[in-house]
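Structure file coords_5.cif (mmCIF, C-alpha atoms and all ligand atoms) follows.
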```cif
data_upload
#
loop_
_atom_site.label_atom_id
_atom_site.label_comp_id
_atom_site.auth_asym_id
_atom_site.auth_seq_id
_atom_site.Cartn_x
_atom_site.Cartn_y
_atom_site.Cartn_z
CA MET A 1 -77.04 -32.45 -192.83
CA ILE A 2 -75.93 -33.32 -196.35
CA PRO A 3 -72.62 -31.46 -196.80
CA ILE A 4 -71.50 -29.80 -200.02
CA THR A 5 -68.51 -32.15 -200.14
CA ARG A 6 -66.73 -34.84 -198.14
CA PRO A 7 -63.27 -36.15 -199.07
CA TRP A 8 -63.11 -39.88 -199.74
CA VAL A 9 -60.23 -40.80 -197.46
CA GLY A 10 -59.78 -43.72 -195.09
CA GLU A 11 -57.47 -46.42 -193.79
CA ALA A 12 -55.44 -46.61 -197.02
CA GLU A 13 -54.41 -42.96 -196.67
CA ALA A 14 -53.79 -43.29 -192.91
CA GLU A 15 -51.60 -46.33 -193.56
CA ALA A 16 -49.76 -44.55 -196.40
CA VAL A 17 -48.77 -41.64 -194.16
CA ARG A 18 -46.91 -44.09 -191.92
CA ARG A 19 -44.32 -44.65 -194.67
CA PRO A 20 -42.78 -41.15 -194.69
CA LEU A 21 -43.63 -40.52 -191.05
CA LEU A 22 -41.64 -43.50 -189.84
CA GLY A 23 -39.21 -43.54 -192.76
CA GLY A 24 -37.62 -40.26 -191.79
CA TRP A 25 -37.96 -38.25 -195.02
CA LEU A 26 -40.80 -35.82 -194.41
CA THR A 27 -40.69 -33.30 -197.22
CA GLN A 28 -40.02 -33.27 -200.96
CA GLY A 29 -38.42 -36.69 -200.89
CA PRO A 30 -39.18 -40.12 -202.34
CA GLU A 31 -42.96 -39.92 -201.87
CA VAL A 32 -43.09 -36.62 -203.74
CA GLU A 33 -40.94 -38.07 -206.52
CA ALA A 34 -43.22 -41.10 -206.82
CA PHE A 35 -46.34 -38.92 -206.73
CA GLU A 36 -44.94 -36.81 -209.58
CA ARG A 37 -44.19 -39.90 -211.67
CA GLU A 38 -47.60 -41.42 -211.05
CA PHE A 39 -49.43 -38.17 -211.68
CA ALA A 40 -47.57 -37.60 -214.96
CA ALA A 41 -48.54 -41.12 -216.07
CA ALA A 42 -52.17 -40.63 -214.99
CA VAL A 43 -52.70 -37.50 -217.13
CA GLY A 44 -50.24 -38.42 -219.89
CA ALA A 45 -47.78 -35.59 -219.22
CA PRO A 46 -44.02 -35.78 -219.91
CA HIS A 47 -43.22 -33.81 -216.72
CA ALA A 48 -45.03 -33.22 -213.41
CA CYS A 49 -43.67 -31.06 -210.58
CA ALA A 50 -45.35 -31.10 -207.16
CA VAL A 51 -45.78 -27.90 -205.16
CA ALA A 52 -47.64 -26.67 -202.08
CA SER A 53 -50.89 -25.60 -203.78
CA CYS A 54 -52.45 -24.77 -207.13
CA THR A 55 -52.13 -21.09 -206.26
CA VAL A 56 -48.34 -21.31 -206.14
CA ALA A 57 -48.37 -23.58 -209.20
CA LEU A 58 -50.16 -20.82 -211.14
CA HIS A 59 -47.66 -18.27 -209.85
CA LEU A 60 -44.72 -20.34 -211.09
CA ALA A 61 -46.42 -21.24 -214.38
CA LEU A 62 -47.09 -17.61 -215.30
CA LYS A 63 -43.60 -16.58 -214.21
CA ALA A 64 -42.03 -19.38 -216.26
CA VAL A 65 -43.85 -18.41 -219.47
CA GLY A 66 -42.49 -14.90 -219.05
CA VAL A 67 -45.30 -12.93 -217.41
CA GLY A 68 -43.93 -9.98 -215.45
CA GLU A 69 -44.33 -6.35 -214.45
CA GLY A 70 -46.50 -4.38 -216.88
CA ASP A 71 -47.81 -7.43 -218.79
CA ASP A 72 -51.46 -8.32 -219.30
CA VAL A 73 -52.96 -11.80 -218.91
CA VAL A 74 -56.40 -12.54 -220.34
CA THR A 75 -58.35 -14.69 -217.90
CA ALA A 76 -61.73 -15.30 -216.26
CA SER A 77 -63.08 -13.17 -213.45
CA HIS A 78 -65.62 -15.95 -212.91
CA SER A 79 -63.23 -18.21 -210.96
CA PHE A 80 -61.87 -18.68 -207.49
CA VAL A 81 -59.95 -15.51 -206.67
CA ALA A 82 -56.61 -17.36 -206.76
CA THR A 83 -56.74 -17.38 -210.58
CA ALA A 84 -56.60 -13.60 -210.92
CA ASN A 85 -54.45 -13.12 -207.80
CA CYS A 86 -51.60 -15.09 -209.39
CA VAL A 87 -51.45 -12.61 -212.25
CA ARG A 88 -51.14 -9.78 -209.76
CA TYR A 89 -48.39 -11.55 -207.74
CA LEU A 90 -46.18 -10.93 -210.80
CA GLY A 91 -47.07 -7.24 -211.14
CA ALA A 92 -49.12 -8.06 -214.22
CA ARG A 93 -52.73 -7.05 -214.91
CA PRO A 94 -55.67 -9.46 -215.23
CA ILE A 95 -57.75 -8.73 -218.32
CA PHE A 96 -61.13 -10.28 -217.69
CA ALA A 97 -63.15 -11.88 -220.49
CA ASP A 98 -66.67 -13.22 -220.14
CA ILE A 99 -67.75 -16.86 -220.01
CA GLN A 100 -70.17 -18.96 -222.05
CA SER A 101 -73.49 -19.53 -220.33
CA GLY A 102 -73.55 -23.31 -220.98
CA THR A 103 -70.11 -24.37 -219.76
CA TYR A 104 -69.22 -21.47 -217.41
CA ASN A 105 -65.88 -21.33 -219.21
CA LEU A 106 -64.12 -18.55 -221.12
CA ASP A 107 -65.70 -17.65 -224.45
CA PRO A 108 -62.81 -17.91 -226.97
CA GLU A 109 -64.22 -15.18 -229.20
CA LEU A 110 -64.38 -12.75 -226.27
CA VAL A 111 -60.89 -13.78 -225.20
CA GLU A 112 -59.56 -12.84 -228.62
CA ARG A 113 -61.38 -9.50 -228.53
CA SER A 114 -59.89 -8.76 -225.07
CA ILE A 115 -56.25 -9.14 -226.09
CA THR A 116 -54.31 -5.90 -225.49
CA PRO A 117 -50.91 -4.88 -226.91
CA ALA A 118 -49.39 -5.82 -223.53
CA THR A 119 -50.95 -9.28 -223.39
CA ARG A 120 -48.37 -11.98 -222.77
CA ALA A 121 -50.52 -14.98 -221.88
CA ILE A 122 -53.98 -16.50 -221.71
CA LEU A 123 -54.84 -18.12 -218.38
CA CYS A 124 -57.87 -20.34 -219.02
CA VAL A 125 -59.83 -22.25 -216.39
CA HIS A 126 -61.48 -25.68 -216.54
CA GLN A 127 -64.17 -24.43 -214.23
CA MET A 128 -65.74 -26.97 -211.86
CA GLY A 129 -63.96 -29.72 -213.82
CA MET A 130 -65.58 -28.91 -217.17
CA PRO A 131 -62.87 -28.66 -219.85
CA CYS A 132 -62.82 -25.26 -221.54
CA ASP A 133 -62.61 -24.90 -225.32
CA LEU A 134 -58.88 -25.52 -225.50
CA VAL A 135 -58.72 -26.15 -229.23
CA ALA A 136 -60.06 -22.66 -229.94
CA LEU A 137 -57.95 -21.06 -227.19
CA ARG A 138 -54.78 -22.79 -228.37
CA ASP A 139 -55.38 -21.45 -231.90
CA ILE A 140 -55.88 -17.92 -230.54
CA ALA A 141 -52.72 -18.20 -228.44
CA TRP A 142 -50.74 -19.36 -231.51
CA ARG A 143 -52.14 -16.65 -233.77
CA HIS A 144 -51.20 -13.93 -231.28
CA GLY A 145 -47.93 -15.44 -230.08
CA LEU A 146 -49.19 -15.84 -226.50
CA ALA A 147 -48.46 -18.46 -223.85
CA LEU A 148 -51.38 -20.62 -222.72
CA VAL A 149 -51.60 -21.67 -219.08
CA GLU A 150 -54.41 -23.93 -217.86
CA ASP A 151 -55.93 -23.50 -214.40
CA ALA A 152 -56.89 -27.15 -214.00
CA ALA A 153 -57.34 -26.86 -210.21
CA CYS A 154 -60.64 -28.76 -210.39
CA ALA A 155 -60.03 -30.87 -213.49
CA VAL A 156 -58.05 -33.98 -212.58
CA GLY A 157 -59.58 -36.86 -214.55
CA SER A 158 -61.55 -34.60 -216.93
CA GLU A 159 -61.12 -35.33 -220.63
CA LEU A 160 -61.31 -33.45 -223.89
CA LEU A 161 -61.41 -34.40 -227.52
CA TRP A 162 -58.01 -33.60 -229.03
CA ASP A 163 -56.68 -34.69 -232.42
CA GLY A 164 -59.61 -37.06 -232.78
CA GLY A 165 -59.20 -38.89 -229.45
CA TRP A 166 -60.07 -38.41 -225.78
CA GLN A 167 -57.20 -37.10 -223.65
CA ARG A 168 -57.04 -36.19 -220.00
CA VAL A 169 -56.61 -32.55 -219.07
CA GLY A 170 -52.98 -31.97 -218.11
CA ARG A 171 -50.90 -33.50 -220.93
CA PRO A 172 -50.85 -30.39 -221.08
CA HIS A 173 -52.58 -28.91 -224.12
CA GLY A 174 -51.32 -25.43 -223.40
CA ASP A 175 -47.79 -24.68 -222.12
CA VAL A 176 -48.49 -25.64 -218.51
CA ALA A 177 -51.43 -27.04 -216.55
CA CYS A 178 -51.86 -26.49 -212.79
CA PHE A 179 -53.80 -28.79 -210.46
CA SER A 180 -55.03 -28.53 -206.86
CA PHE A 181 -55.22 -31.17 -204.13
CA HIS A 182 -57.44 -29.13 -201.82
CA PRO A 183 -60.12 -31.28 -200.09
CA ARG A 184 -62.85 -30.07 -202.46
CA LYS A 185 -61.04 -31.62 -205.39
CA LEU A 186 -61.36 -35.25 -206.58
CA VAL A 187 -57.82 -36.13 -205.49
CA THR A 188 -56.82 -34.52 -202.21
CA ALA A 189 -53.67 -34.37 -200.13
CA GLY A 190 -55.16 -31.86 -197.66
CA GLU A 191 -53.38 -29.16 -199.65
CA GLY A 192 -51.07 -29.41 -202.62
CA GLY A 193 -50.57 -28.64 -206.29
CA MET A 194 -49.00 -30.03 -209.45
CA LEU A 195 -47.58 -28.43 -212.58
CA THR A 196 -47.53 -30.48 -215.77
CA THR A 197 -45.68 -29.53 -218.93
CA ALA A 198 -44.10 -31.03 -222.05
CA ASP A 199 -41.20 -28.57 -221.87
CA PRO A 200 -38.19 -29.84 -219.86
CA GLU A 201 -36.85 -26.31 -219.45
CA LEU A 202 -40.08 -25.11 -217.81
CA ASP A 203 -40.01 -28.17 -215.54
CA ARG A 204 -36.41 -27.39 -214.57
CA ARG A 205 -37.39 -23.86 -213.58
CA PHE A 206 -40.35 -25.04 -211.49
CA ARG A 207 -38.01 -27.37 -209.56
CA LEU A 208 -35.52 -24.58 -209.00
CA TRP A 209 -38.03 -21.98 -207.86
CA ARG A 210 -40.09 -24.26 -205.62
CA GLN A 211 -37.04 -24.72 -203.42
CA HIS A 212 -35.45 -21.28 -202.98
CA GLY A 213 -33.57 -21.42 -206.29
CA MET A 214 -31.29 -24.11 -204.84
CA THR A 215 -29.04 -25.53 -207.58
CA VAL A 216 -28.52 -28.97 -206.01
CA PRO A 217 -31.63 -30.33 -204.29
CA ASP A 218 -31.18 -31.94 -200.87
CA THR A 219 -32.34 -35.31 -202.28
CA VAL A 220 -29.21 -35.29 -204.48
CA ARG A 221 -26.86 -33.97 -201.78
CA HIS A 222 -27.96 -36.59 -199.26
CA CYS A 223 -27.12 -39.44 -201.63
CA ALA A 224 -23.84 -37.99 -202.94
CA PRO A 225 -20.65 -39.94 -202.10
CA ILE A 226 -18.68 -36.68 -202.13
CA VAL A 227 -19.34 -33.35 -200.49
CA VAL A 228 -21.60 -31.26 -202.73
CA VAL A 229 -22.38 -27.65 -201.91
CA GLU A 230 -25.40 -25.97 -203.38
CA ALA A 231 -25.74 -22.42 -204.66
CA TYR A 232 -28.77 -20.12 -204.89
CA ASP A 233 -28.67 -18.82 -208.43
CA GLU A 234 -32.04 -17.11 -208.53
CA LEU A 235 -34.70 -15.78 -206.22
CA GLY A 236 -36.86 -18.76 -205.27
CA TYR A 237 -39.63 -19.69 -202.86
CA ASN A 238 -40.56 -22.35 -200.37
CA TYR A 239 -43.35 -23.98 -202.40
CA ARG A 240 -42.54 -27.56 -201.37
CA LEU A 241 -45.07 -30.36 -201.00
CA THR A 242 -44.43 -32.64 -198.03
CA ASP A 243 -43.97 -36.41 -198.31
CA LEU A 244 -46.87 -36.84 -195.91
CA GLN A 245 -49.15 -35.07 -198.38
CA ALA A 246 -47.67 -36.92 -201.36
CA ALA A 247 -48.28 -40.30 -199.67
CA VAL A 248 -51.95 -39.38 -199.25
CA GLY A 249 -52.15 -38.04 -202.81
CA ARG A 250 -50.71 -41.28 -204.22
CA GLU A 251 -53.42 -43.37 -202.56
CA GLN A 252 -56.08 -41.02 -203.87
CA LEU A 253 -54.65 -41.05 -207.38
CA ARG A 254 -54.85 -44.84 -207.46
CA ARG A 255 -58.62 -44.50 -207.14
CA LEU A 256 -59.02 -41.71 -209.71
CA ASP A 257 -60.83 -43.85 -212.30
CA ALA A 258 -63.31 -45.05 -209.70
CA ILE A 259 -63.82 -41.52 -208.35
CA VAL A 260 -64.51 -40.09 -211.81
CA ALA A 261 -66.85 -42.97 -212.73
CA ARG A 262 -68.84 -42.46 -209.55
CA ARG A 263 -69.12 -38.69 -210.13
CA ARG A 264 -70.39 -39.26 -213.65
CA LEU A 265 -73.04 -41.61 -212.30
CA LEU A 266 -74.04 -39.06 -209.65
CA ALA A 267 -74.25 -36.30 -212.29
CA ASP A 268 -76.52 -38.49 -214.47
CA ARG A 269 -78.74 -39.19 -211.46
CA TYR A 270 -79.00 -35.50 -210.63
CA ARG A 271 -79.98 -34.78 -214.21
CA GLU A 272 -82.76 -37.37 -214.04
CA LEU A 273 -83.98 -36.27 -210.61
CA LEU A 274 -84.00 -32.58 -211.49
CA ALA A 275 -85.39 -32.79 -215.02
CA GLU A 276 -88.89 -31.91 -213.89
CA VAL A 277 -88.08 -28.85 -211.75
CA PRO A 278 -89.71 -26.00 -213.69
CA GLY A 279 -87.27 -23.48 -215.15
CA LEU A 280 -84.17 -25.09 -213.62
CA GLY A 281 -81.06 -25.06 -215.88
CA LEU A 282 -78.94 -28.23 -215.81
CA PRO A 283 -75.26 -28.35 -216.71
CA VAL A 284 -74.38 -29.25 -220.30
CA GLU A 285 -71.34 -31.20 -221.50
CA PRO A 286 -70.28 -30.00 -224.95
CA PRO A 287 -69.57 -32.88 -227.40
CA TRP A 288 -65.80 -32.37 -227.03
CA ALA A 289 -65.69 -32.46 -223.21
CA ARG A 290 -66.10 -35.05 -220.46
CA SER A 291 -66.29 -33.42 -217.04
CA ASN A 292 -65.09 -35.05 -213.84
CA TRP A 293 -68.06 -33.30 -212.16
CA GLN A 294 -65.95 -31.71 -209.46
CA SER A 295 -69.07 -29.59 -208.84
CA PHE A 296 -72.64 -29.92 -210.02
CA CYS A 297 -73.94 -26.47 -210.85
CA VAL A 298 -77.59 -25.66 -211.61
CA ARG A 299 -79.03 -22.38 -212.87
CA LEU A 300 -82.03 -21.28 -210.82
CA PRO A 301 -85.31 -20.41 -212.56
CA SER A 302 -85.18 -16.78 -213.63
CA GLY A 303 -86.29 -14.32 -210.97
CA THR A 304 -85.63 -16.80 -208.13
CA ASP A 305 -83.67 -15.34 -205.23
CA GLN A 306 -80.48 -17.35 -204.72
CA ARG A 307 -80.07 -16.63 -201.00
CA THR A 308 -83.69 -17.57 -200.27
CA VAL A 309 -83.22 -20.92 -202.01
CA MET A 310 -79.93 -21.55 -200.22
CA GLN A 311 -81.46 -20.75 -196.81
CA SER A 312 -84.49 -22.87 -197.46
CA MET A 313 -82.26 -25.80 -198.45
CA LEU A 314 -80.07 -25.29 -195.40
CA ASP A 315 -83.21 -25.38 -193.24
CA ALA A 316 -84.05 -28.69 -194.95
CA GLY A 317 -80.60 -30.07 -194.07
CA VAL A 318 -78.89 -29.58 -197.44
CA SER A 319 -75.75 -27.54 -197.78
CA THR A 320 -75.21 -25.62 -201.05
CA ARG A 321 -72.87 -22.95 -202.40
CA ARG A 322 -73.60 -19.92 -204.56
CA GLY A 323 -72.38 -19.82 -208.16
CA ILE A 324 -68.64 -19.35 -208.68
CA MET A 325 -67.47 -15.92 -207.54
CA CYS A 326 -66.38 -13.09 -209.82
CA ALA A 327 -63.04 -11.59 -208.76
CA HIS A 328 -63.82 -8.16 -210.23
CA ARG A 329 -66.71 -7.70 -207.78
CA GLU A 330 -64.62 -8.32 -204.66
CA PRO A 331 -63.26 -5.47 -202.51
CA ALA A 332 -59.70 -6.62 -203.23
CA TYR A 333 -60.35 -5.80 -206.90
CA ARG A 334 -62.36 -2.62 -206.41
CA ARG A 335 -59.47 -0.26 -206.89
CA GLU A 336 -56.72 -2.53 -208.14
CA PRO A 337 -55.46 -2.53 -211.71
CA TRP A 338 -57.52 -4.89 -213.81
CA LEU A 339 -59.44 -4.40 -216.99
CA ALA A 340 -62.56 -5.81 -218.60
CA PRO A 341 -62.53 -4.44 -222.14
CA LEU A 342 -66.02 -5.90 -222.65
CA PRO A 343 -68.86 -6.29 -220.12
CA LEU A 344 -69.09 -9.52 -218.07
CA PRO A 345 -72.84 -10.22 -217.95
CA GLU A 346 -72.61 -14.03 -218.11
CA SER A 347 -70.02 -14.15 -215.32
CA GLU A 348 -72.20 -12.03 -213.04
CA ARG A 349 -75.40 -13.87 -214.00
CA ALA A 350 -73.70 -17.20 -213.16
CA GLN A 351 -72.52 -15.97 -209.77
CA ASP A 352 -75.94 -14.60 -208.83
CA GLY A 353 -78.22 -17.17 -210.40
CA CYS A 354 -76.47 -20.50 -209.96
CA LEU A 355 -76.22 -22.97 -207.12
CA LEU A 356 -73.74 -25.76 -206.46
CA LEU A 357 -75.30 -28.94 -205.06
CA PRO A 358 -73.71 -31.55 -202.77
CA MET A 359 -71.29 -33.70 -204.77
CA TYR A 360 -68.91 -36.29 -203.31
CA HIS A 361 -67.96 -39.92 -203.81
CA GLU A 362 -70.07 -41.35 -201.00
CA LEU A 363 -73.20 -39.32 -201.74
CA ALA A 364 -76.05 -41.85 -201.70
CA LEU A 365 -78.98 -42.00 -204.12
CA GLU A 366 -81.43 -41.38 -201.26
CA GLU A 367 -79.44 -38.29 -200.35
CA GLN A 368 -79.59 -37.09 -203.96
CA GLU A 369 -83.35 -37.60 -203.85
CA GLU A 370 -83.48 -35.52 -200.69
CA VAL A 371 -81.43 -32.77 -202.37
CA ALA A 372 -83.75 -32.81 -205.39
CA ARG A 373 -86.87 -32.60 -203.18
CA ALA A 374 -85.36 -29.75 -201.14
CA LEU A 375 -84.36 -27.84 -204.27
CA SER A 376 -87.73 -28.32 -205.93
CA ARG A 377 -89.55 -27.09 -202.79
CA ALA A 378 -87.14 -24.19 -202.30
CA CYS A 379 -87.56 -23.02 -205.91
CA ALA A 380 -91.36 -23.23 -205.64
CA LEU A 381 -91.31 -21.26 -202.36
CA ALA A 382 -88.83 -18.66 -203.62
CA GLY A 383 -90.83 -18.29 -206.84
CA ALA A 384 -94.03 -17.79 -204.90
CA ALA A 385 -92.51 -15.23 -202.50
C1 LIG A 401 -60.27 -22.56 -210.34
C2 LIG A 401 -59.33 -22.57 -209.17
N1 LIG A 401 -58.08 -22.08 -209.31
C3 LIG A 401 -57.20 -22.09 -208.30
C4 LIG A 401 -57.52 -22.58 -207.06
C5 LIG A 401 -56.53 -22.55 -205.95
O1 LIG A 401 -56.17 -23.85 -205.54
P1 LIG A 401 -55.37 -24.09 -204.18
O2 LIG A 401 -56.38 -24.00 -203.08
O3 LIG A 401 -54.79 -25.46 -204.32
O4 LIG A 401 -54.32 -23.05 -204.08
C6 LIG A 401 -58.81 -23.11 -206.85
C7 LIG A 401 -59.20 -23.64 -205.55
O5 LIG A 401 -60.31 -23.88 -205.23
C8 LIG A 401 -59.74 -23.10 -207.93
O6 LIG A 401 -60.98 -23.58 -207.80
#
```

Written as structure tokens, that's how I'd like the structure from this file.
Ligand SMILES: Cc1ncc(COP(=O)(O)O)c(C=O)c1O
Amino acid sequence: MIPITRPWVGEAEAEAVRRPLLGGWLTQGPEVEAFEREFAAAVGAPHACAVASCTVALHLALKAVGVGEGDDVVTASHSFVATANCVRYLGARPIFADIQSGTYNLDPELVERSITPATRAILCVHQMGMPCDLVALRDIAWRHGLALVEDAACAVGSELLWDGGWQRVGRPHGDVACFSFHPRKLVTAGEGGMLTTADPELDRRFRLWRQHGMTVPDTVRHCAPIVVVEAYDELGYNYRLTDLQAAVGREQLRRLDAIVARRRLLADRYRELLAEVPGLGLPVEPPWARSNWQSFCVRLPSGTDQRTVMQSMLDAGVSTRRGIMCAHREPAYRREPWLAPLPLPESERAQDGCLLLPMYHELALEEQEEVARALSRACALAGAA
């Protein structure tokens, strides 16, 4: 079976975990601090704060830019459900705007037309690692006095053209960018998240909230030559990343360039191998974006049944996933407060008519050929049925 993904972890990560495990500091200690420093350097951000997942990073990011009860946040329905859920955690309402068919990312023009009087922020997504049109979204955010938060869960190592040069996602280009270290991402720690920002005050708040609102972190108290007693100034959370996870993340981060280079090669190979499949839509990189190819998403020939293709590929030993979900179609969003001022045809068409193919560092060319053969056969069969 060719899986949809397989994390690239090995002896280096196993060895790295020994450091905190035997060193005695297991959570939010020196490994986390080092991971934050190294991550900030890798994406070019002034501040990076590690947390337990991207979901909680998004929660803190939206809270920090002032989203609260009764506010609206314009975002994509076409995303993992965590994106919209984080808006709701704060008692705010997701306002869904449609995506562009080529990049599967928010259409800036539709974002602008979806802004309500209660809108406080735009929460954009770099879906499947493809940078969204941040230049346009940043201009819209400025014009309307809105905060801009980037869901960069899948986008570590992706780049965009900014001020005439290539920059990595996460400097950040909005107010805050949020990353995930889930095993389906390029850099994994099992679970984990990171918030990057240029604003020291936002970074201070993230650090406070991730640890129960504790005014003096335990790392400081443990090293203090005098007795220091902490206070709990604000309601906070336990959103800590462990040192075991950070040690793994640091090893992964060291290989980021190699991981991205390999994914780009694999994406090029897929494009060559699949060029002849009749009616199949291949992903497009706009001139201002360089994807990390976290996922490789193809659009099935029109009229082809997605489930039939997926089953036929599974029967041939190839695992696939449907197109990215749409939150507004899920039972959890059936009756809840959310709004789509305009229809979402591209989001729904992408969910129903796209397929994600196996994509991981150690995917071999012969396996890619097998995937291409299985997909070509499955499309022909599904088309004929
Ligand atoms: C676009 C997007 N946002 C948020 C998340 C949530 O990330 P995490 O699992 O680290 O909470 C994911 C996870 O897959 C995602 O793909």

| query | At what distance in Å, to one decimal, does atom CA of Tyr232 of chain A lie from atom CA of Val220 of chain A? | reply | 15.2 Å

| task | Output the neighbourhood of ligand LIG 401 (chain A) as an MDAnalysis selection string, that is, all protein and nucleic acid residues with some atom at most 6 Å from the ligand, counting all atoms listed in the file. | result | chainID A and resid 53:55 79:80 82:83 127 151 153:154 180:182 192:193

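One finds atom CA of Phe296 of chain A at 7.5 Å from atom CA of Pro358 of chain A.
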
| message | Please list as a list in words every residue within 12 Å of Leu274 of chain A, counting only C-alpha atoms and excluding residues in the same chain fewer than 3 positions away. | response |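 Everything that qualifies: Ala267, Asp268, Arg269, Tyr270, Arg271, Val277, Pro278, Gly279, Leu280, Gly281, Leu282, Pro283, Phe296, Cys297, Val298, Arg299, Leu300, Leu357, Gln368, Glu369, Glu370, Val371, Ala372, Arg373, Ala374, Leu375, Ser376, Arg377 and Cys379 of chain A.
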
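One finds atom CA of Glu112 of chain A at 8.9 Å from atom CA of Ala97 of chain A.
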
| query | If we count all atoms listed in the file, what is near segment 129-139 of chain A at a cut-off of 8 Å, once residues fewer than 6 positions away on the same chain are taken out, given as a PyMOL selection string? | reply | chain A and resi 103+105-108+148+152+154-156+158-160+162+169+173-174+285+289-295

| message | Using only C-alpha atoms, can you tell me which of A:Glu367, A:Glu38, A:Glu11, A:Asp203 comes closest to Arg250 of chain A? | response |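 For Arg250 of chain A, the nearest of the given residues is A:Glu38.
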
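Of the residues under consideration (A:Gly249, A:Pro46, A:Pro341, A:Pro183), A:Gly249 shows the shortest atom-to-atom contact distance to Ala12 of chain A when counting all atoms listed in the file.
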
| request: Select, from A:Leu146, A:Val43, A:Ala121, A:Leu195, the residue with the minimum atom-to-atom distance to Val56 of chain A, counting all atoms listed in the file. | output: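 Nearest to Val56 of chain A: A:Leu195.
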
| field | Counting only C-alpha atoms, the residue of A:His47, A:Arg120, A:Lys63, A:Arg335 that sits nearest Ala198 of chain A | value |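 The answer is A:His47, which sits nearest to Ala198 of chain A.
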
Segment 262-265 of chain A, all listed atoms, 8 Å padding on each side: what axis-aligned box centre and edge lengths in Å to one decimal come out, as JSON?
```
{"center_x": -70.9, "center_y": -40.6, "center_z": -211.6, "size_x": 20.2, "size_y": 19.8, "size_z": 20.1}
```

| query | Which polymer residues have any atom within 10 Å of an atom of Thr308 of chain A, counting all atoms listed in the file, with same-chain residues fewer than 6 positions away left out, as a PyMOL selection string? | reply | chain A and resi 314+378-379+381-383+385

| field | Nearest to Glu330 of chain A, chosen from A:Glu150, A:Ala84, A:Glu251, A:Ile140, with only C-alpha atoms counted in the distances | value | A:Ala84

| field | Neighbour list for Phe39 of chain A as a PyMOL selection string, cut-off 8 Å, all atoms listed in the file, skip fewer than 3 positions in-chain | value | chain A and resi 35-36+42-43+48+253

| said: My list of candidates is A:Arg240, A:Arg262, A:Arg204, A:His126. Which is closest to His78 of chain A when distances are computed with only C-alpha atoms? | reply: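 Among the listed residues, A:His126 lies closest to His78 of chain A.
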